[in-house]
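Source file: my_file_22.txt (compact mmCIF, C-alpha atoms)
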```txt
# COMPACT_ATOMS: atom_id res chain seq x y z
CA MET A 1 -24.21 0.38 -8.31
CA SER A 2 -20.99 0.47 -10.36
CA ILE A 3 -18.25 2.91 -11.39
CA ALA A 4 -20.50 4.16 -14.21
CA ASP A 5 -22.93 5.52 -11.61
CA LEU A 6 -20.14 7.50 -9.94
CA ALA A 7 -18.13 8.69 -12.93
CA ASP A 8 -19.90 12.02 -13.50
CA ALA A 9 -19.28 13.15 -9.91
CA TYR A 10 -15.47 12.85 -10.11
CA ASP A 11 -12.56 13.81 -12.35
CA GLY A 12 -9.82 11.82 -10.59
CA PHE A 13 -9.76 8.21 -9.45
CA ILE A 14 -7.23 6.98 -6.86
CA VAL A 15 -7.21 3.21 -7.12
CA ASP A 16 -5.64 0.65 -4.81
CA LEU A 17 -3.99 -2.27 -6.58
CA TRP A 18 -3.84 -5.49 -4.57
CA GLY A 19 -7.41 -6.53 -3.78
CA VAL A 20 -9.00 -4.05 -6.20
CA VAL A 21 -7.16 -4.36 -9.51
CA HIS A 22 -5.48 -7.75 -9.03
CA ASP A 23 -4.86 -10.59 -6.59
CA GLY A 24 -1.07 -10.54 -6.95
CA VAL A 25 -1.19 -12.82 -9.98
CA HIS A 26 -4.23 -11.99 -12.12
CA THR A 27 -6.39 -8.92 -12.73
CA TYR A 28 -9.97 -9.22 -11.53
CA PRO A 29 -12.74 -9.55 -14.13
CA GLY A 30 -13.88 -6.21 -15.52
CA VAL A 31 -10.90 -4.16 -14.33
CA ILE A 32 -9.23 -3.59 -17.70
CA ASP A 33 -12.58 -2.68 -19.25
CA ALA A 34 -13.31 -0.23 -16.42
CA LEU A 35 -9.94 1.48 -16.89
CA ALA A 36 -10.56 1.79 -20.63
CA ARG A 37 -14.00 3.33 -20.04
CA LEU A 38 -12.60 5.81 -17.51
CA ARG A 39 -9.94 6.83 -20.01
CA ALA A 40 -12.58 7.22 -22.76
CA ALA A 41 -14.62 9.42 -20.41
CA GLY A 42 -11.63 11.73 -19.90
CA LYS A 43 -11.06 10.70 -16.28
CA ARG A 44 -7.63 10.53 -14.66
CA VAL A 45 -6.47 7.44 -12.77
CA VAL A 46 -3.54 7.07 -10.38
CA PHE A 47 -2.78 3.84 -8.59
CA LEU A 48 -1.93 4.26 -4.90
CA SER A 49 -0.46 1.12 -3.40
CA ASN A 50 1.14 0.09 -0.14
CA ALA A 51 3.65 -1.86 -2.21
CA PRO A 52 7.09 -1.73 -0.53
CA ARG A 53 8.91 -1.10 -3.80
CA ARG A 54 9.40 1.67 -6.32
CA SER A 55 6.59 2.93 -8.51
CA ALA A 56 8.39 1.96 -11.74
CA ALA A 57 8.73 -1.64 -10.55
CA VAL A 58 5.01 -1.76 -9.82
CA ALA A 59 4.24 -0.34 -13.29
CA ASP A 60 6.39 -3.07 -14.84
CA SER A 61 4.47 -5.69 -12.87
CA LEU A 62 1.14 -4.26 -14.00
CA ALA A 63 2.22 -4.48 -17.63
CA THR A 64 2.72 -8.24 -17.25
CA MET A 65 -0.93 -8.46 -16.16
CA GLY A 66 -2.13 -6.57 -19.22
CA ILE A 67 -2.44 -3.11 -17.64
CA GLU A 68 -0.40 -0.90 -19.92
CA PRO A 69 0.91 2.58 -18.96
CA GLY A 70 -1.46 4.30 -21.38
CA THR A 71 -4.50 3.13 -19.41
CA TYR A 72 -3.63 5.16 -16.29
CA ASP A 73 -1.78 8.35 -15.33
CA GLY A 74 0.66 7.34 -12.62
CA VAL A 75 1.64 5.11 -9.71
CA MET A 76 2.44 6.10 -6.15
CA THR A 77 3.68 3.54 -3.62
CA SER A 78 4.56 3.45 0.06
CA GLY A 79 7.98 2.20 -1.05
CA GLU A 80 8.51 5.32 -3.13
CA ALA A 81 7.53 7.45 -0.13
CA VAL A 82 10.05 5.63 2.07
CA ARG A 83 12.82 5.99 -0.51
CA SER A 84 12.18 9.74 -0.78
CA ALA A 85 12.30 10.09 3.00
CA LEU A 86 15.56 8.12 3.17
CA ILE A 87 17.10 10.46 0.59
CA ASP A 88 16.08 13.91 1.81
CA ARG A 89 16.09 13.21 5.59
CA THR A 90 13.97 16.28 6.32
CA ASP A 91 11.30 14.13 7.96
CA PRO A 92 12.07 14.08 11.72
CA ASP A 93 11.50 10.31 11.87
CA PHE A 94 14.20 9.70 9.25
CA LYS A 95 16.66 12.45 10.15
CA ASN A 96 18.71 10.46 12.67
CA LEU A 97 18.27 6.90 11.42
CA GLY A 98 21.87 6.51 10.31
CA SER A 99 23.05 4.69 7.20
CA ARG A 100 23.52 1.04 8.25
CA PHE A 101 20.41 -1.12 8.03
CA VAL A 102 19.27 -4.72 8.11
CA HIS A 103 16.62 -5.65 5.55
CA LEU A 104 13.63 -7.83 6.37
CA GLY A 105 12.10 -8.63 3.00
CA PRO A 106 12.45 -10.44 -0.33
CA ALA A 107 15.03 -9.67 -3.00
CA ARG A 108 12.40 -8.16 -5.30
CA ASP A 109 12.06 -5.22 -2.88
CA ARG A 110 15.72 -4.25 -3.03
CA ASN A 111 15.00 -1.58 -5.66
CA LEU A 112 13.63 0.50 -2.78
CA PHE A 113 17.13 1.16 -1.44
CA GLU A 114 19.49 0.35 -4.32
CA GLY A 115 21.60 3.35 -5.33
CA LEU A 116 21.19 5.15 -2.01
CA ALA A 117 24.01 6.17 0.33
CA LEU A 118 23.16 3.32 2.70
CA THR A 119 24.98 0.19 3.81
CA GLU A 120 23.10 -3.08 4.15
CA VAL A 121 24.43 -5.29 6.95
CA ALA A 122 23.76 -8.92 7.78
CA THR A 123 22.78 -8.76 11.45
CA PRO A 124 20.84 -6.36 13.71
CA VAL A 125 23.84 -5.81 15.98
CA GLU A 126 25.67 -4.15 13.06
CA ALA A 127 22.71 -1.98 12.05
CA GLN A 128 21.27 1.40 13.00
CA PHE A 129 17.77 0.63 11.78
CA MET A 130 15.67 -2.13 10.23
CA LEU A 131 13.94 -1.73 6.87
CA ASN A 132 10.87 -3.96 6.79
CA THR A 133 9.33 -4.62 3.38
CA GLY A 134 7.58 -7.87 4.33
CA PRO A 135 8.18 -11.61 4.60
CA ASP A 136 11.25 -13.03 2.92
CA ASP A 137 10.40 -15.50 0.15
CA LEU A 138 12.62 -18.11 1.84
CA ALA A 139 10.48 -18.22 5.00
CA ALA A 140 6.83 -19.00 5.73
CA GLN A 141 4.73 -16.21 4.31
CA ASP A 142 1.54 -17.04 6.17
CA ASP A 143 3.00 -17.00 9.68
CA ALA A 144 4.19 -13.78 11.34
CA ALA A 145 5.95 -15.81 14.05
CA ALA A 146 8.39 -17.14 11.45
CA PHE A 147 10.35 -13.88 11.83
CA ASP A 148 10.37 -13.69 15.62
CA VAL A 149 14.10 -14.43 15.93
CA LEU A 150 15.07 -11.50 13.70
CA LEU A 151 12.54 -9.21 15.38
CA ALA A 152 13.77 -10.18 18.85
CA GLU A 153 17.41 -9.57 17.86
CA SER A 154 16.47 -6.18 16.40
CA LEU A 155 14.53 -5.24 19.52
CA LYS A 156 17.49 -6.22 21.70
CA ALA A 157 19.74 -4.04 19.52
CA GLY A 158 17.34 -1.13 19.99
CA LEU A 159 16.68 -0.70 16.27
CA PRO A 160 13.87 1.51 15.03
CA MET A 161 11.94 -0.20 12.24
CA VAL A 162 10.89 1.52 9.03
CA CYS A 163 7.77 -0.23 7.75
CA ALA A 164 7.41 0.28 4.01
CA ASN A 165 4.02 -1.44 3.76
CA PRO A 166 1.39 -0.84 6.46
CA ASP A 167 -0.87 -3.63 5.13
CA LEU A 168 -1.36 -6.51 7.56
CA GLU A 169 -2.18 -9.16 4.96
CA VAL A 170 -3.26 -9.62 1.36
CA ILE A 171 -4.92 -12.30 -0.73
CA ARG A 172 -2.50 -13.76 -3.28
CA ASP A 173 -4.17 -16.06 -5.78
CA GLY A 174 -6.72 -17.07 -3.16
CA GLN A 175 -4.24 -17.44 -0.25
CA ARG A 176 -3.84 -15.04 2.67
CA ILE A 177 -0.23 -13.99 3.23
CA VAL A 178 1.42 -11.84 5.87
CA CYS A 179 2.53 -8.31 4.96
CA ALA A 180 5.13 -5.99 6.49
CA GLY A 181 2.47 -4.25 8.57
CA LEU A 182 1.69 -7.35 10.60
CA LEU A 183 5.38 -7.81 11.40
CA ALA A 184 5.62 -4.13 12.34
CA GLN A 185 2.53 -4.41 14.53
CA ARG A 186 4.14 -7.38 16.29
CA TYR A 187 7.38 -5.41 16.78
CA GLU A 188 5.45 -2.45 18.18
CA GLU A 189 3.55 -4.68 20.61
CA TRP A 190 6.90 -5.93 21.93
CA GLY A 191 7.95 -2.35 22.61
CA GLY A 192 9.87 -1.58 19.41
CA LYS A 193 9.70 1.76 17.62
CA VAL A 194 8.05 1.64 14.19
CA ILE A 195 8.05 4.38 11.55
CA TRP A 196 5.05 3.76 9.30
CA ARG A 197 4.76 5.08 5.73
CA GLY A 198 1.85 4.61 3.33
CA LYS A 199 -1.92 4.38 3.72
CA PRO A 200 -3.67 5.31 6.02
CA ASP A 201 -1.18 8.16 6.59
CA PRO A 202 -2.83 11.17 4.89
CA ALA A 203 0.63 12.46 3.86
CA VAL A 204 0.86 9.89 1.06
CA TYR A 205 -2.16 11.46 -0.66
CA ALA A 206 -0.35 14.75 -1.38
CA PRO A 207 2.04 13.31 -4.00
CA THR A 208 -0.82 11.13 -5.27
CA LEU A 209 -3.06 14.15 -5.90
CA ALA A 210 -0.11 15.90 -7.55
CA LEU A 211 0.15 13.00 -10.01
CA LEU A 212 -3.61 12.97 -10.48
CA GLY A 213 -3.88 16.69 -11.17
CA THR A 214 -7.48 16.95 -9.99
CA ALA A 215 -9.09 18.85 -7.11
CA ARG A 216 -9.44 16.98 -3.83
CA GLU A 217 -13.22 17.43 -3.83
CA ARG A 218 -13.44 15.99 -7.37
CA SER A 219 -11.33 12.93 -6.53
CA VAL A 220 -12.38 9.56 -5.14
CA ALA A 221 -10.34 6.66 -3.75
CA PHE A 222 -11.15 2.97 -4.30
CA GLY A 223 -9.86 0.33 -1.88
CA ASP A 224 -10.57 -3.04 -0.32
CA SER A 225 -9.29 -2.30 3.20
CA LEU A 226 -11.20 -0.28 5.77
CA ARG A 227 -8.06 0.13 7.89
CA THR A 228 -5.82 1.56 5.18
CA ASP A 229 -7.76 2.61 2.06
CA ILE A 230 -11.03 3.91 3.45
CA ALA A 231 -9.61 5.34 6.69
CA GLY A 232 -6.71 6.89 4.78
CA ALA A 233 -8.98 8.60 2.28
CA LYS A 234 -11.15 9.95 5.10
CA ALA A 235 -8.09 11.33 6.92
CA ALA A 236 -7.03 13.04 3.69
CA GLY A 237 -10.48 14.55 3.09
CA ILE A 238 -11.17 12.44 -0.01
CA ASP A 239 -14.34 10.50 -0.85
CA SER A 240 -13.91 6.73 -0.94
CA VAL A 241 -15.47 3.56 -2.34
CA LEU A 242 -15.10 0.18 -0.62
CA VAL A 243 -14.52 -2.70 -3.03
CA LEU A 244 -15.36 -6.22 -1.81
CA SER A 245 -13.04 -8.19 -4.09
CA GLY A 246 -9.98 -8.29 -1.81
CA ILE A 247 -9.19 -8.45 1.88
CA HIS A 248 -12.61 -7.23 3.04
CA ILE A 249 -14.71 -9.99 1.54
CA ALA A 250 -18.26 -9.58 2.83
CA ASN A 251 -21.78 -9.11 1.59
CA PRO A 252 -22.87 -5.47 1.22
CA GLU A 253 -25.01 -5.58 4.36
CA GLN A 254 -22.12 -6.85 6.49
CA ALA A 255 -19.76 -4.36 4.84
CA ARG A 256 -22.09 -1.46 5.72
CA HIS A 257 -22.19 -2.69 9.32
CA ASP A 258 -18.38 -2.91 9.43
CA CYS A 259 -18.09 0.63 8.05
CA ALA A 260 -20.47 1.94 10.68
CA GLN A 261 -18.56 0.15 13.43
CA ALA A 262 -15.32 1.73 12.19
CA MET A 263 -17.02 5.15 11.86
CA LEU A 264 -16.21 5.24 8.15
CA ASP A 265 -18.55 6.42 5.43
CA PRO A 266 -17.57 5.43 1.88
CA VAL A 267 -19.86 6.92 -0.76
CA ALA A 268 -20.44 3.45 -2.20
CA ILE A 269 -19.73 -0.25 -1.66
CA LEU A 270 -19.07 -2.19 -4.86
CA PRO A 271 -18.54 -5.90 -5.51
CA GLY A 272 -15.53 -5.09 -7.68
CA PHE A 273 -13.77 -2.40 -9.75
CA ILE A 274 -16.25 -2.77 -12.59
CA TRP A 275 -17.94 -0.33 -14.93
```
Before anything else, please render the file you have as structure tokens.
Amino acid sequence: MSIADLADAYDGFIVDLWGVVHDGVHTYPGVIDALARLRAAGKRVVFLSNAPRRSAAVADSLATMGIEPGTYDGVMTSGEAVRSALIDRTDPDFKNLGSRFVHLGPARDRNLFEGLALTEVATPVEAQFMLNTGPDDLAAQDDAAAFDVLLAESLKAGLPMVCANPDLEVIRDGQRIVCAGLLAQRYEEWGGKVIWRGKPDPAVYAPTLALLGTARERSVAFGDSLRTDIAGAKAAGIDSVLVLSGIHIANPEQARHDCAQAMLDPVAILPGFIW
């Protein structure tokens, strides 16, 4: 089975990026062709990513991999959702966070909070909350324990953590690396408060469907993670397709078993995002 076998049943395609479209460095074989064929068939495509940065920054990154804006209809990210919540403060979790924060993450994620009425501070004791966008490039990116000192200091200071990427790990050019979600999970296990935004939270699908412009029942979500992509789509009442090119690398038989164990029911399991 491939995307071609599913195309007639759907008008809108919600597509995860890392693990489905690319590995952080290169697009997977067949992806650009599949996007072109979806466009030629009059289908709409929106990328939904747990990237802890703004949608425009992700679009710029996609262009460097050969995925031009004209081949899809929009990008929604967990980072964009966090930025919106930090601006409007109507969400109860964000209402009383304060304005002083310590950032756990690389410099490339700073676009998430640049231009906001917030003050970045150097240490947890000065902060009112922590903004976690993932491992800093200057530290080990394959070891969650590398950030234990900062997490312990933040816990001692009583800081709530905003996690802008619920993913636990991703495959980057063949290597597994830690994501913000694993650090947040660690913080939560220690007793810290974590505010999660992004898949599998069904709330992130509302702005995604608005970008897509198709009916929920005529939309389908593609992802490589049972925990975030497939579970998130199910919670949002959207059909899903599990893609085996990323974090959930398994043969179809094992993948079906894993889905059953997790009580998830994607409409298809594909080896990749291919036509």
Could the centre and edge lengths of an axis-aligned box, enclosing all atoms of segment 47-66 of chain A in the file with 5 Å extra on each side, be given in Å to one decimal as JSON?
```
{"center_x": 3.3, "center_y": -2.1, "center_z": -9.7, "size_x": 22.2, "size_y": 22.7, "size_z": 29.1}
```
Of the listed residues A:Asp265, A:Gln185, A:Cys179, A:Glu114, that which approaches Asp143 of chain A most closely, counting only C-alpha atoms: A:Cys179
I want to know what sits within 7 Å of segment 160-166 of chain A, based on all atoms listed in the file, with residues of the same chain fewer than 5 positions away left out; could you give that as JSON, numbers by chain? {"A": [50, 51, 52, 78, 79, 82, 129, 130, 131, 132, 133, 180, 181, 184, 192, 193, 194, 195, 196, 197, 198, 199]}
What's the 9 Å shell around segment 227-229 of chain A, counting only C-alpha atoms, without same-chain residues fewer than 4 positions away, as a compact mmCIF listing (two decimals) with C-alpha atoms, in the coordinates of the input?
```txt
# COMPACT_ATOMS: atom_id res chain seq x y z
CA ASP A 16 -5.64 0.65 -4.81
CA ASN A 50 1.14 0.09 -0.14
CA PRO A 166 1.39 -0.84 6.46
CA ASP A 167 -0.87 -3.63 5.13
CA GLY A 198 1.85 4.61 3.33
CA LYS A 199 -1.92 4.38 3.72
CA PRO A 200 -3.67 5.31 6.02
CA ASP A 201 -1.18 8.16 6.59
CA ALA A 221 -10.34 6.66 -3.75
CA PHE A 222 -11.15 2.97 -4.30
CA GLY A 223 -9.86 0.33 -1.88
CA ALA A 233 -8.98 8.60 2.28
CA LYS A 234 -11.15 9.95 5.10
CA SER A 240 -13.91 6.73 -0.94
CA VAL A 241 -15.47 3.56 -2.34
CA LEU A 242 -15.10 0.18 -0.62
CA ALA A 262 -15.32 1.73 12.19
```
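Using all atoms listed in the file, the shortest contact distance between His248 of chain A and any of A:Leu62, A:Leu168, A:Ala235, A:Leu226 is found at A:Leu226.
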Expected answer as an MDAnalysis selection string: all residues with atoms within 8 Å of (-13.5, 12.9, -2.3), all atoms listed in the file: chainID A and resid 216:221 233 237:240
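For the choices A:Gly74, A:Gly115, A:Gly272, A:Pro135, the atom-to-atom distance to His103 of chain A is smallest for A:Pro135 when using all atoms listed in the file.
For the pair atom CA of Val178 of chain A and atom CA of Asp142 of chain A, the interatomic distance is 5.2 Å.
Closest approach to Pro271 of chain A from the set A:Val31, A:Met76, A:His26, A:Leu97 is made by A:Val31, with distances taken over only C-alpha atoms.
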Counting all atoms listed in the file, which residue out of A:Ser154, A:Asp148, A:Ala63, A:Pro106 sits closest to Ala127 of chain A? A:Ser154
Quick one: everything within 10 Å of Asp5 of chain A, counting all atoms listed in the file, minus sequence neighbours fewer than 4 positions away in the same chain. Send it as a ChimeraX atom specification. /A:1,9,268,275
